[in-house]
file my_file12.cif (mmCIF, C-alpha atoms)
data_entry
loop_
_atom_site.label_atom_id
_atom_site.label_comp_id
_atom_site.auth_asym_id
_atom_site.auth_seq_id
_atom_site.Cartn_x
_atom_site.Cartn_y
_atom_site.Cartn_z
CA MET A 17 -1.05 35.65 -9.16
CA THR A 18 0.55 32.21 -9.23
CA ILE A 19 -1.16 28.83 -9.05
CA ARG A 20 0.52 26.43 -6.64
CA ALA A 21 -0.13 22.73 -6.03
CA VAL A 22 -0.77 22.68 -2.28
CA VAL A 23 -0.95 19.52 -0.16
CA ARG A 24 -4.53 19.16 1.05
CA GLY A 25 -4.30 15.67 2.57
CA VAL A 26 -1.95 12.76 3.12
CA GLY A 27 -2.30 9.09 4.06
CA HIS A 28 -0.62 5.72 3.93
CA TYR A 29 -1.16 1.99 4.24
CA LEU A 30 1.17 -0.80 5.34
CA PRO A 31 0.33 -4.52 5.03
CA ASP A 32 -0.38 -6.34 8.28
CA ARG A 33 2.55 -8.73 8.04
CA VAL A 34 5.66 -7.31 9.73
CA VAL A 35 8.91 -9.10 8.88
CA PRO A 36 11.76 -8.43 11.35
CA ASN A 37 15.36 -9.07 10.38
CA SER A 38 15.37 -12.17 12.58
CA GLU A 39 12.79 -13.82 10.30
CA LEU A 40 15.06 -13.33 7.29
CA GLU A 41 17.92 -15.06 9.12
CA ALA A 42 16.01 -18.31 8.59
CA ILE A 43 15.56 -17.69 4.85
CA VAL A 44 18.95 -16.42 3.69
CA GLU A 45 22.51 -16.37 5.04
CA THR A 46 22.42 -13.07 6.91
CA THR A 47 22.15 -11.61 10.40
CA ASP A 48 20.18 -8.86 12.05
CA GLU A 49 23.46 -7.06 12.79
CA TRP A 50 24.60 -7.25 9.14
CA ILE A 51 21.31 -5.81 7.86
CA ARG A 52 21.20 -3.02 10.44
CA THR A 53 24.84 -2.07 9.87
CA ARG A 54 24.59 -2.02 6.08
CA SER A 55 21.15 -0.42 5.73
CA GLY A 56 19.66 0.73 9.04
CA ILE A 57 16.65 -1.52 8.39
CA GLU A 58 15.14 -3.38 11.35
CA ARG A 59 11.85 -4.60 9.89
CA ARG A 60 9.62 -4.28 6.84
CA HIS A 61 6.06 -5.13 5.77
CA PHE A 62 5.11 -7.78 3.19
CA ALA A 63 1.82 -7.89 1.33
CA ALA A 64 -0.44 -10.86 2.01
CA GLU A 65 -1.05 -13.54 -0.58
CA GLY A 66 -3.48 -12.13 -3.14
CA GLN A 67 -2.95 -8.54 -1.96
CA THR A 68 -1.91 -6.44 -4.94
CA THR A 69 -0.18 -3.10 -5.45
CA SER A 70 -3.47 -1.49 -6.45
CA ASP A 71 -5.04 -2.79 -3.22
CA LEU A 72 -2.36 -1.05 -1.15
CA ALA A 73 -2.66 2.09 -3.28
CA ALA A 74 -6.42 2.28 -2.87
CA ARG A 75 -6.14 2.02 0.93
CA ALA A 76 -3.56 4.81 1.05
CA ALA A 77 -5.72 6.88 -1.30
CA ARG A 78 -8.77 6.55 0.95
CA ALA A 79 -6.70 7.67 3.94
CA ALA A 80 -5.44 10.74 2.05
CA LEU A 81 -8.94 11.64 0.84
CA ALA A 82 -10.27 11.35 4.39
CA ASP A 83 -7.46 13.57 5.65
CA ALA A 84 -8.37 16.12 2.96
CA GLY A 85 -12.10 15.88 3.67
CA LEU A 86 -12.78 14.99 0.04
CA GLN A 87 -14.62 12.34 -1.95
CA PRO A 88 -13.21 10.37 -4.93
CA ASP A 89 -15.20 12.40 -7.45
CA ASP A 90 -13.66 15.60 -6.12
CA ILE A 91 -10.43 14.42 -7.82
CA ASP A 92 -9.63 15.34 -11.43
CA THR A 93 -6.50 13.22 -11.89
CA LEU A 94 -5.11 10.11 -10.23
CA ILE A 95 -1.42 9.22 -10.66
CA VAL A 96 0.17 6.04 -9.33
CA ALA A 97 3.96 5.81 -9.15
CA THR A 98 4.91 2.13 -9.19
CA SER A 99 7.24 -0.45 -10.70
CA THR A 100 5.13 -3.37 -9.50
CA ALA A 101 1.75 -2.81 -11.14
CA ASP A 102 -0.73 -5.68 -10.84
CA LEU A 103 -0.62 -6.37 -14.59
CA THR A 104 1.46 -5.25 -17.56
CA PHE A 105 -1.66 -3.31 -18.51
CA PRO A 106 -4.04 -1.71 -17.78
CA SER A 107 -2.41 0.73 -15.38
CA ALA A 108 -2.61 0.30 -11.63
CA ALA A 109 -4.03 3.83 -11.56
CA THR A 110 -7.16 2.82 -13.47
CA MET A 111 -7.64 -0.09 -11.06
CA VAL A 112 -7.40 2.29 -8.12
CA GLN A 113 -9.81 4.65 -9.86
CA ALA A 114 -12.35 1.81 -10.08
CA ALA A 115 -11.71 0.66 -6.50
CA LEU A 116 -12.39 4.18 -5.19
CA GLY A 117 -15.57 4.54 -7.24
CA MET A 118 -14.09 7.55 -9.04
CA THR A 119 -16.23 8.06 -12.16
CA ARG A 120 -14.66 11.19 -13.64
CA GLY A 121 -11.24 12.52 -14.56
CA PHE A 122 -8.32 10.41 -15.75
CA ALA A 123 -5.71 8.10 -14.26
CA PHE A 124 -2.25 6.92 -15.28
CA ASP A 125 0.93 5.30 -13.94
CA VAL A 126 4.43 6.75 -13.70
CA GLN A 127 7.36 4.31 -13.75
CA ALA A 128 10.68 5.72 -12.54
CA VAL A 129 11.38 3.06 -9.89
CA CYS A 130 12.45 4.63 -6.57
CA ALA A 131 12.26 8.13 -8.10
CA GLY A 132 8.69 7.47 -9.23
CA PHE A 133 6.93 9.56 -6.60
CA VAL A 134 9.13 12.59 -7.29
CA TYR A 135 8.39 12.22 -11.00
CA ALA A 136 4.67 11.83 -10.25
CA LEU A 137 4.64 14.96 -8.04
CA SER A 138 6.30 16.92 -10.84
CA ASN A 139 3.68 15.72 -13.32
CA ALA A 140 0.88 16.62 -10.92
CA ASP A 141 2.38 20.07 -10.38
CA ALA A 142 2.54 20.66 -14.14
CA LEU A 143 -1.09 19.58 -14.60
CA ILE A 144 -2.23 21.95 -11.88
CA ARG A 145 -0.12 24.86 -13.09
CA SER A 146 -1.41 24.42 -16.64
CA GLY A 147 -5.02 24.40 -15.49
CA GLN A 148 -5.71 20.84 -16.68
CA ALA A 149 -6.47 19.70 -13.13
CA GLN A 150 -7.65 21.31 -9.93
CA ARG A 151 -7.10 18.37 -7.59
CA VAL A 152 -4.66 15.52 -8.16
CA LEU A 153 -4.33 12.37 -6.06
CA VAL A 154 -0.70 11.18 -6.21
CA ILE A 155 0.07 7.70 -4.91
CA GLY A 156 3.29 5.71 -4.53
CA ALA A 157 2.66 1.99 -4.07
CA GLU A 158 4.83 -1.12 -4.34
CA THR A 159 4.95 -4.86 -3.67
CA PHE A 160 8.70 -5.26 -4.14
CA SER A 161 8.75 -8.43 -2.02
CA ARG A 162 7.55 -10.23 -5.17
CA LEU A 163 10.62 -9.22 -7.17
CA MET A 164 13.18 -10.59 -4.73
CA ASP A 165 15.68 -13.34 -5.44
CA TRP A 166 15.71 -15.05 -2.05
CA ASN A 167 19.17 -16.46 -2.78
CA ASP A 168 20.66 -12.98 -3.11
CA ARG A 169 21.31 -11.85 0.45
CA ALA A 170 22.63 -8.46 -0.68
CA THR A 171 19.23 -7.36 -2.04
CA CYS A 172 16.39 -9.47 -0.64
CA VAL A 173 16.78 -8.07 2.90
CA LEU A 174 16.44 -4.44 1.80
CA PHE A 175 12.94 -4.11 0.38
CA GLY A 176 9.37 -3.96 1.68
CA ASP A 177 5.80 -3.28 0.57
CA GLY A 178 3.51 -0.33 1.24
CA ALA A 179 1.75 2.72 -0.15
CA GLY A 180 1.45 6.43 0.54
CA ALA A 181 -0.67 9.15 -1.04
CA VAL A 182 -1.09 12.91 -1.13
CA VAL A 183 -3.91 15.10 -2.43
CA LEU A 184 -2.75 18.25 -4.22
CA GLU A 185 -5.08 21.18 -4.83
CA ALA A 186 -4.70 24.27 -7.03
CA THR A 187 -4.38 27.39 -4.87
CA GLU A 188 -3.83 31.02 -5.80
CA SER A 189 -0.60 32.31 -4.27
CA ALA A 190 1.59 35.39 -4.27
CA GLY A 191 4.29 33.71 -6.34
CA THR A 192 7.06 33.92 -3.72
CA SER A 193 9.16 31.37 -1.85
CA ALA A 194 6.87 31.93 1.15
CA ASP A 195 3.94 30.32 -0.71
CA ARG A 196 2.53 27.01 0.41
CA GLY A 197 2.68 24.18 -2.13
CA ILE A 198 5.22 22.91 -4.63
CA LEU A 199 7.81 25.64 -5.20
CA SER A 200 10.19 23.86 -7.57
CA THR A 201 11.07 20.51 -9.15
CA ASP A 202 14.25 19.06 -10.64
CA LEU A 203 14.33 15.81 -12.64
CA HIS A 204 17.13 13.83 -14.31
CA SER A 205 17.89 10.46 -15.86
CA ASP A 206 20.87 8.74 -17.47
CA GLY A 207 20.27 5.43 -19.20
CA ARG A 208 23.97 4.64 -19.39
CA PHE A 209 23.70 3.36 -15.82
CA LYS A 210 20.89 0.86 -16.46
CA ASP A 211 22.90 -2.09 -15.15
CA LEU A 212 23.30 -0.61 -11.65
CA LEU A 213 19.68 -1.43 -10.73
CA TYR A 214 17.21 -3.38 -12.83
CA VAL A 215 14.82 -6.33 -12.96
CA ASP A 216 15.91 -9.11 -15.31
CA GLY A 217 12.46 -9.77 -16.72
CA GLY A 218 9.81 -8.25 -18.95
CA SER A 219 8.54 -8.47 -22.50
CA SER A 220 12.02 -9.39 -23.76
CA THR A 221 12.15 -12.52 -21.57
CA GLY A 222 8.52 -13.39 -20.99
CA THR A 223 9.16 -13.57 -17.24
CA THR A 224 8.62 -11.27 -14.26
CA GLY A 225 12.28 -11.50 -13.26
CA HIS A 226 14.18 -10.55 -10.11
CA LEU A 227 15.77 -7.35 -8.89
CA ARG A 228 19.51 -7.01 -9.56
CA MET A 229 21.67 -4.31 -8.01
CA GLN A 230 25.29 -3.17 -7.88
CA GLY A 231 25.15 -1.72 -4.40
CA ARG A 232 28.60 -0.15 -4.03
CA GLU A 233 28.52 1.77 -7.32
CA GLY A 234 24.87 2.70 -6.75
CA PHE A 235 25.75 4.19 -3.36
CA ARG A 236 28.32 6.53 -4.91
CA HIS A 237 25.91 7.79 -7.55
CA ALA A 238 23.10 8.16 -5.02
CA VAL A 239 24.92 10.45 -2.59
CA GLU A 240 26.40 12.64 -5.30
CA LYS A 241 23.26 13.00 -7.40
CA LEU A 242 20.78 13.40 -4.53
CA ALA A 243 22.69 16.24 -2.90
CA GLU A 244 23.14 17.95 -6.27
CA THR A 245 19.48 17.75 -7.30
CA ALA A 246 18.31 18.96 -3.88
CA HIS A 247 20.59 22.01 -4.10
CA THR A 248 19.39 22.73 -7.64
CA ALA A 249 15.72 22.55 -6.65
CA LEU A 250 16.33 24.86 -3.68
CA GLU A 251 18.12 27.36 -5.94
CA LYS A 252 15.19 27.27 -8.37
CA ALA A 253 12.91 28.20 -5.47
CA GLY A 254 15.22 31.00 -4.34
CA LEU A 255 16.06 29.14 -1.14
CA GLY A 256 19.02 27.44 0.52
CA ALA A 257 19.78 24.52 2.82
CA GLY A 258 19.42 26.80 5.86
CA ASP A 259 15.75 27.34 4.97
CA VAL A 260 14.93 23.63 5.07
CA ASP A 261 12.79 22.38 7.96
CA TRP A 262 12.73 18.76 6.82
CA ILE A 263 14.44 16.57 4.27
CA VAL A 264 12.03 13.76 3.37
CA PRO A 265 14.29 11.42 1.38
CA HIS A 266 13.71 8.19 -0.44
CA GLN A 267 14.14 5.64 2.33
CA ALA A 268 16.63 3.30 0.65
CA ASN A 269 19.49 3.07 3.09
CA LEU A 270 20.38 4.96 6.26
CA ARG A 271 23.99 5.42 5.14
CA ILE A 272 22.87 7.07 1.88
CA ILE A 273 20.42 9.30 3.75
CA SER A 274 23.06 10.35 6.29
CA ALA A 275 25.74 11.02 3.68
CA THR A 276 23.33 13.08 1.55
CA ALA A 277 22.21 15.17 4.52
CA GLN A 278 25.85 15.79 5.42
CA ARG A 279 26.60 16.99 1.88
CA MET A 280 23.59 19.29 2.09
CA GLN A 281 24.78 20.54 5.50
CA VAL A 282 21.43 19.65 7.07
CA PRO A 283 21.58 17.90 10.48
CA MET A 284 19.99 14.46 10.85
CA ASP A 285 17.46 15.78 13.37
CA ARG A 286 15.85 17.57 10.41
CA VAL A 287 15.50 14.38 8.35
CA ILE A 288 12.32 12.27 8.40
CA LEU A 289 13.38 8.64 8.88
CA THR A 290 11.19 5.57 8.36
CA VAL A 291 13.68 3.19 6.72
CA GLN A 292 14.17 1.30 9.99
CA ASP A 293 10.49 0.29 10.04
CA HIS A 294 9.61 0.01 6.34
CA GLY A 295 12.79 -0.93 4.48
CA ASN A 296 13.07 0.30 0.91
CA THR A 297 9.53 0.62 -0.47
CA SER A 298 10.71 2.23 -3.71
CA ALA A 299 8.14 4.74 -5.06
CA ALA A 300 6.07 4.39 -1.88
CA SER A 301 8.83 5.48 0.50
CA ILE A 302 8.51 9.29 0.26
CA PRO A 303 4.70 9.49 0.58
CA LEU A 304 4.89 6.96 3.42
CA ALA A 305 7.45 9.16 5.16
CA LEU A 306 5.34 12.28 4.56
CA SER A 307 2.28 10.64 6.10
CA VAL A 308 4.18 9.17 9.05
CA GLY A 309 6.01 12.47 9.60
CA LYS A 310 2.72 14.33 9.80
CA ALA A 311 1.20 11.69 12.09
CA ARG A 312 4.20 11.95 14.43
CA GLY A 313 3.70 15.70 14.67
CA GLN A 314 7.03 16.43 12.97
CA ILE A 315 5.73 18.03 9.75
CA LYS A 316 3.57 21.09 10.36
CA GLU A 317 1.86 23.65 8.14
CA GLY A 318 4.34 26.17 6.79
CA ASP A 319 7.36 23.83 7.04
CA LEU A 320 9.72 23.79 4.06
CA LEU A 321 10.37 20.26 2.80
CA VAL A 322 12.82 18.82 0.30
CA THR A 323 12.04 15.39 -1.11
CA GLU A 324 14.71 13.63 -3.16
CA ALA A 325 15.06 10.16 -4.65
CA ILE A 326 17.12 8.08 -7.06
CA GLY A 327 16.23 4.78 -8.68
CA GLY A 328 16.85 2.49 -11.61
CA GLY A 329 17.42 4.11 -14.95
CA LEU A 330 19.23 5.83 -13.41
CA ALA A 331 16.43 8.29 -12.68
CA TRP A 332 16.60 10.90 -9.94
CA GLY A 333 15.17 14.21 -8.85
CA SER A 334 13.80 16.38 -6.09
CA VAL A 335 10.82 18.55 -5.15
CA VAL A 336 10.79 21.56 -2.83
CA LEU A 337 7.43 22.25 -1.23
CA ARG A 338 6.02 24.20 1.64
CA TRP A 339 3.54 22.19 3.70
#
call {"tool": "encode", "arguments": {"input": "my_file12.cif", "output": "structure tokens"}}
result
Amino acid sequence: MTIRAVVRGVGHYLPDRVVPNSELEAIVETTDEWIRTRSGIERRHFAAEGQTTSDLAARAARAALADAGLQPDDIDTLIVATSTADLTFPSAATMVQAALGMTRGFAFDVQAVCAGFVYALSNADALIRSGQAQRVLVIGAETFSRLMDWNDRATCVLFGDGAGAVVLEATESAGTSADRGILSTDLHSDGRFKDLLYVDGGSSTGTTGHLRMQGREGFRHAVEKLAETAHTALEKAGLGAGDVDWIVPHQANLRIISATAQRMQVPMDRVILTVQDHGNTSAASIPLALSVGKARGQIKEGDLLVTEAIGGGLAWGSVVLRW
């Protein structure tokens, strides 16, 4: 008998304000064509004034709980993957815990930038496998619009705000690759590449700072490392690319997504795409795509999914799960 972390529910939330590429043309020297060609992004959502990351996370959490048919106190552990927490401390997760009225269990944040949700899923899986938790609410939430340098046209047009959440539940399984739930995880980081993607603020500067990125070099690392980690995770699960029903990638850039799928030899009609509507929402992008993919009727029970992401650090990884 094997304990698996099975997806019980999923949900997401996007702020009301939709920002098309045409609106950014008035802010920075760019064009709709340039943004679409370089990234595949057509629009993104921005949080309203006073709307925080924990606000977005709590809304996504409520949607996931409703989808699972559960109440907040049915949850043992709450994990928020974010790089844009409301405050330096306490964690955004404890704020979401309070907002939901969750009076038991424990909550904490995971910070691995765009790879944050993959890291959080891996942590949740470990907690469930070890018996420390029966149900874990995993949320990815970001307000990256507040980290943008609006004079840097190469980065400010790429990012958006949003949140997605999944509820994982411990389930007894046969211990084979046919099981539902998380089948394998694969995580990596390499701090030598810190300067490829970072925010130039924090305790060392006393400022929030702005996002800085070396796009060309980051692209090369992304395609190579994402395909490699996805293959490794599939091998750990005793599966191959031909078994994959859906790749649900970090929605950073359509060119990265396409190149990674090509390396994995998975056709683009088996890739869940939301980047055109959401932009890069960092740790929120995979759970957003999972929720939207289910709502569209693409992701169905029994489907084999590979999620993969890379972010600042560099930090990257993947999760193989059966829906």
call {"tool": "closest_residue", "arguments": {"input": "my_file12.cif", "among": "A:Val129, A:Ile144, A:Val336, A:Ile51", "to": "Phe160 of chain A", "atoms": "only C-alpha atoms"}}
result
A:Val129
call {"tool": "atom_distance", "arguments": {"input": "my_file12.cif", "atom1": "atom CA of Met284 of chain A", "atom2": "atom CA of Thr245 of chain A"}}
result
18.5 Å
call {"tool": "closest_residue", "arguments": {"input": "my_file12.cif", "among": "A:Gly218, A:Gly207, A:Pro36, A:Gly156", "to": "Val182 of chain A", "atoms": "all atoms listed in the file"}}
result
A:Gly156
call {"tool": "resolve_selection", "arguments": {"input": "my_file12.cif", "expression": "the PyMOL selection byres ((chain A and resi 137) around 12)", "output": "PyMOL selection string"}}
result
chain A and resi 21-23+93-97+125-126+128+131-136+138-144+152-156+181-185+197-203+299+302-303+323-325+333-337
call {"tool": "residues_near_point", "arguments": {"input": "my_file12.cif", "point": "(13.1, -2.6, 3.3)", "cutoff": "12 Å", "atoms": "only C-alpha atoms", "output": "VMD selection string"}}
result
chain A and resid 34 to 37 40 51 to 52 54 to 62 158 to 161 164 170 to 178 266 to 270 290 to 298 300 to 301
call {"tool": "write_last_selection", "arguments": {"input": "my_file12.cif", "atoms": "C-alpha atoms", "output": "PDB file, in the coordinates of the input"}}
result
ATOM      1  CA  VAL A  34       5.660  -7.310   9.730  1.00  0.00           C
ATOM      2  CA  VAL A  35       8.910  -9.100   8.880  1.00  0.00           C
ATOM      3  CA  PRO A  36      11.760  -8.430  11.350  1.00  0.00           C
ATOM      4  CA  ASN A  37      15.360  -9.070  10.380  1.00  0.00           C
ATOM      5  CA  LEU A  40      15.060 -13.330   7.290  1.00  0.00           C
ATOM      6  CA  ILE A  51      21.310  -5.810   7.860  1.00  0.00           C
ATOM      7  CA  ARG A  52      21.200  -3.020  10.440  1.00  0.00           C
ATOM      8  CA  ARG A  54      24.590  -2.020   6.080  1.00  0.00           C
ATOM      9  CA  SER A  55      21.150  -0.420   5.730  1.00  0.00           C
ATOM     10  CA  GLY A  56      19.660   0.730   9.040  1.00  0.00           C
ATOM     11  CA  ILE A  57      16.650  -1.520   8.390  1.00  0.00           C
ATOM     12  CA  GLU A  58      15.140  -3.380  11.350  1.00  0.00           C
ATOM     13  CA  ARG A  59      11.850  -4.600   9.890  1.00  0.00           C
ATOM     14  CA  ARG A  60       9.620  -4.280   6.840  1.00  0.00           C
ATOM     15  CA  HIS A  61       6.060  -5.130   5.770  1.00  0.00           C
ATOM     16  CA  PHE A  62       5.110  -7.780   3.190  1.00  0.00           C
ATOM     17  CA  GLU A 158       4.830  -1.120  -4.340  1.00  0.00           C
ATOM     18  CA  THR A 159       4.950  -4.860  -3.670  1.00  0.00           C
ATOM     19  CA  PHE A 160       8.700  -5.260  -4.140  1.00  0.00           C
ATOM     20  CA  SER A 161       8.750  -8.430  -2.020  1.00  0.00           C
ATOM     21  CA  MET A 164      13.180 -10.590  -4.730  1.00  0.00           C
ATOM     22  CA  ALA A 170      22.630  -8.460  -0.680  1.00  0.00           C
ATOM     23  CA  THR A 171      19.230  -7.360  -2.040  1.00  0.00           C
ATOM     24  CA  CYS A 172      16.390  -9.470  -0.640  1.00  0.00           C
ATOM     25  CA  VAL A 173      16.780  -8.070   2.900  1.00  0.00           C
ATOM     26  CA  LEU A 174      16.440  -4.440   1.800  1.00  0.00           C
ATOM     27  CA  PHE A 175      12.940  -4.110   0.380  1.00  0.00           C
ATOM     28  CA  GLY A 176       9.370  -3.960   1.680  1.00  0.00           C
ATOM     29  CA  ASP A 177       5.800  -3.280   0.570  1.00  0.00           C
ATOM     30  CA  GLY A 178       3.510  -0.330   1.240  1.00  0.00           C
ATOM     31  CA  HIS A 266      13.710   8.190  -0.440  1.00  0.00           C
ATOM     32  CA  GLN A 267      14.140   5.640   2.330  1.00  0.00           C
ATOM     33  CA  ALA A 268      16.630   3.300   0.650  1.00  0.00           C
ATOM     34  CA  ASN A 269      19.490   3.070   3.090  1.00  0.00           C
ATOM     35  CA  LEU A 270      20.380   4.960   6.260  1.00  0.00           C
ATOM     36  CA  THR A 290      11.190   5.570   8.360  1.00  0.00           C
ATOM     37  CA  VAL A 291      13.680   3.190   6.720  1.00  0.00           C
ATOM     38  CA  GLN A 292      14.170   1.300   9.990  1.00  0.00           C
ATOM     39  CA  ASP A 293      10.490   0.290  10.040  1.00  0.00           C
ATOM     40  CA  HIS A 294       9.610   0.010   6.340  1.00  0.00           C
ATOM     41  CA  GLY A 295      12.790  -0.930   4.480  1.00  0.00           C
ATOM     42  CA  ASN A 296      13.070   0.300   0.910  1.00  0.00           C
ATOM     43  CA  THR A 297       9.530   0.620  -0.470  1.00  0.00           C
ATOM     44  CA  SER A 298      10.710   2.230  -3.710  1.00  0.00           C
ATOM     45  CA  ALA A 300       6.070   4.390  -1.880  1.00  0.00           C
ATOM     46  CA  SER A 301       8.830   5.480   0.500  1.00  0.00           C
TER      47      SER A 301
END
call {"tool": "atom_distance", "arguments": {"input": "my_file12.cif", "atom1": "atom CA of Arg208 of chain A", "atom2": "atom CA of Glu240 of chain A"}}
result
16.4 Å
call {"tool": "resolve_selection", "arguments": {"input": "my_file12.cif", "expression": "the PyMOL selection byres ((chain A and resi 110) around 10)", "output": "PDB file with C-alpha atoms, in the coordinates of the input"}}
result
ATOM      1  CA  SER A  70      -3.470  -1.490  -6.450  1.00  0.00           C
ATOM      2  CA  LEU A  94      -5.110  10.110 -10.230  1.00  0.00           C
ATOM      3  CA  ILE A  95      -1.420   9.220 -10.660  1.00  0.00           C
ATOM      4  CA  VAL A  96       0.170   6.040  -9.330  1.00  0.00           C
ATOM      5  CA  PHE A 105      -1.660  -3.310 -18.510  1.00  0.00           C
ATOM      6  CA  PRO A 106      -4.040  -1.710 -17.780  1.00  0.00           C
ATOM      7  CA  SER A 107      -2.410   0.730 -15.380  1.00  0.00           C
ATOM      8  CA  ALA A 108      -2.610   0.300 -11.630  1.00  0.00           C
ATOM      9  CA  ALA A 109      -4.030   3.830 -11.560  1.00  0.00           C
ATOM     10  CA  MET A 111      -7.640  -0.090 -11.060  1.00  0.00           C
ATOM     11  CA  VAL A 112      -7.400   2.290  -8.120  1.00  0.00           C
ATOM     12  CA  GLN A 113      -9.810   4.650  -9.860  1.00  0.00           C
ATOM     13  CA  ALA A 114     -12.350   1.810 -10.080  1.00  0.00           C
ATOM     14  CA  ALA A 115     -11.710   0.660  -6.500  1.00  0.00           C
ATOM     15  CA  LEU A 116     -12.390   4.180  -5.190  1.00  0.00           C
ATOM     16  CA  MET A 118     -14.090   7.550  -9.040  1.00  0.00           C
ATOM     17  CA  PHE A 122      -8.320  10.410 -15.750  1.00  0.00           C
ATOM     18  CA  ALA A 123      -5.710   8.100 -14.260  1.00  0.00           C
ATOM     19  CA  PHE A 124      -2.250   6.920 -15.280  1.00  0.00           C
ATOM     20  CA  ASP A 125       0.930   5.300 -13.940  1.00  0.00           C
TER      21      ASP A 125
END
call {"tool": "resolve_selection", "arguments": {"input": "my_file12.cif", "expression": "the PyMOL selection byres ((chain A and resi 286) around 10)", "output": "PyMOL selection string"}}
result
chain A and resi 260-264+277+282-285+287-289+314+321
call {"tool": "atom_distance", "arguments": {"input": "my_file12.cif", "atom1": "atom CA of Ala73 of chain A", "atom2": "atom CA of Ser99 of chain A"}}
result
12.6 Å
call {"tool": "closest_residue", "arguments": {"input": "my_file12.cif", "among": "A:Ala257, A:Ala246, A:Ala179, A:Ile19", "to": "Gln148 of chain A", "atoms": "all atoms listed in the file"}}
result
A:Ile19
call {"tool": "closest_residue", "arguments": {"input": "my_file12.cif", "among": "A:Thr53, A:Ser220, A:Ser205, A:Thr104", "to": "Gly328 of chain A", "atoms": "only C-alpha atoms"}}
result
A:Ser205
call {"tool": "closest_residue", "arguments": {"input": "my_file12.cif", "among": "A:Thr18, A:Asp83, A:Ala275, A:Leu103", "to": "Ala311 of chain A", "atoms": "only C-alpha atoms"}}
result
A:Asp83
call {"tool": "closest_residue", "arguments": {"input": "my_file12.cif", "among": "A:Ile272, A:Ile315, A:Ala101, A:Ala149", "to": "Arg236 of chain A", "atoms": "only C-alpha atoms"}}
result
A:Ile272
call {"tool": "axis_aligned_box", "arguments": {"input": "my_file12.cif", "around": "segment 95-103 of chain A", "padding_each_side": "6 Å", "output": "AutoDock Vina command-line options"}}
result
--center_x 2.9 --center_y 1.4 --center_z -11.9 --size_x 20.7 --size_y 27.6 --size_z 17.4
call {"tool": "residues_around", "arguments": {"input": "my_file12.cif", "residues": "Ala243 of chain A", "least_positions_apart": "6", "cutoff": "8 Å", "atoms": "all atoms listed in the file", "output": "PyMOL selection string"}}
result
chain A and resi 276-277+279-280
call {"tool": "residues_near_point", "arguments": {"input": "my_file12.cif", "point": "(-4.8, 8.7, 2.0)", "cutoff": "6 Å", "atoms": "only C-alpha atoms", "output": "list in words"}}
result
Val26, Gly27, His28, Ala76, Ala77, Arg78, Ala79, Ala80, Leu81 and Ala181 of chain A
call {"tool": "residues_around", "arguments": {"input": "my_file12.cif", "residues": "Ala64 of chain A", "least_positions_apart": "4", "cutoff": "8 Å", "atoms": "all atoms listed in the file", "output": "ChimeraX atom specification"}}
result
/A:31-33
call {"tool": "build_atoms", "arguments": {"input": "my_file12.cif", "residues": "segment 119-130 of chain A", "atoms": "N, CA and C atoms", "output": "tab-separated table (two decimals), in the frame of the given file"}}
result
chain	number	residue	atom	x	y	z
A	119	THR	N	-15.58	8.21	-10.85
A	119	THR	CA	-16.23	8.06	-12.16
A	119	THR	C	-15.92	9.19	-13.13
A	120	ARG	N	-15.02	10.08	-12.75
A	120	ARG	CA	-14.66	11.19	-13.64
A	120	ARG	C	-13.14	11.36	-13.67
A	121	GLY	N	-12.67	12.26	-14.50
A	121	GLY	CA	-11.24	12.52	-14.56
A	121	GLY	C	-10.48	11.44	-15.30
A	122	PHE	N	-9.17	11.39	-15.07
A	122	PHE	CA	-8.32	10.41	-15.75
A	122	PHE	C	-7.23	9.92	-14.81
A	123	ALA	N	-6.68	8.75	-15.13
A	123	ALA	CA	-5.71	8.10	-14.26
A	123	ALA	C	-4.60	7.48	-15.09
A	124	PHE	N	-3.38	7.54	-14.58
A	124	PHE	CA	-2.25	6.92	-15.28
A	124	PHE	C	-1.13	6.60	-14.31
A	125	ASP	N	-0.24	5.70	-14.74
A	125	ASP	CA	0.93	5.30	-13.94
A	125	ASP	C	2.16	6.09	-14.37
A	126	VAL	N	3.09	6.23	-13.43
A	126	VAL	CA	4.43	6.75	-13.70
A	126	VAL	C	5.42	5.69	-13.23
A	127	GLN	N	6.39	5.34	-14.10
A	127	GLN	CA	7.36	4.31	-13.75
A	127	GLN	C	8.76	4.91	-13.80
A	128	ALA	N	9.29	5.26	-12.65
A	128	ALA	CA	10.68	5.72	-12.54
A	128	ALA	C	11.33	5.08	-11.32
A	129	VAL	N	10.88	3.88	-10.99
A	129	VAL	CA	11.38	3.06	-9.89
A	129	VAL	C	11.35	3.88	-8.59
A	130	CYS	N	12.46	3.96	-7.87
A	130	CYS	CA	12.45	4.63	-6.57
A	130	CYS	C	12.23	6.14	-6.68
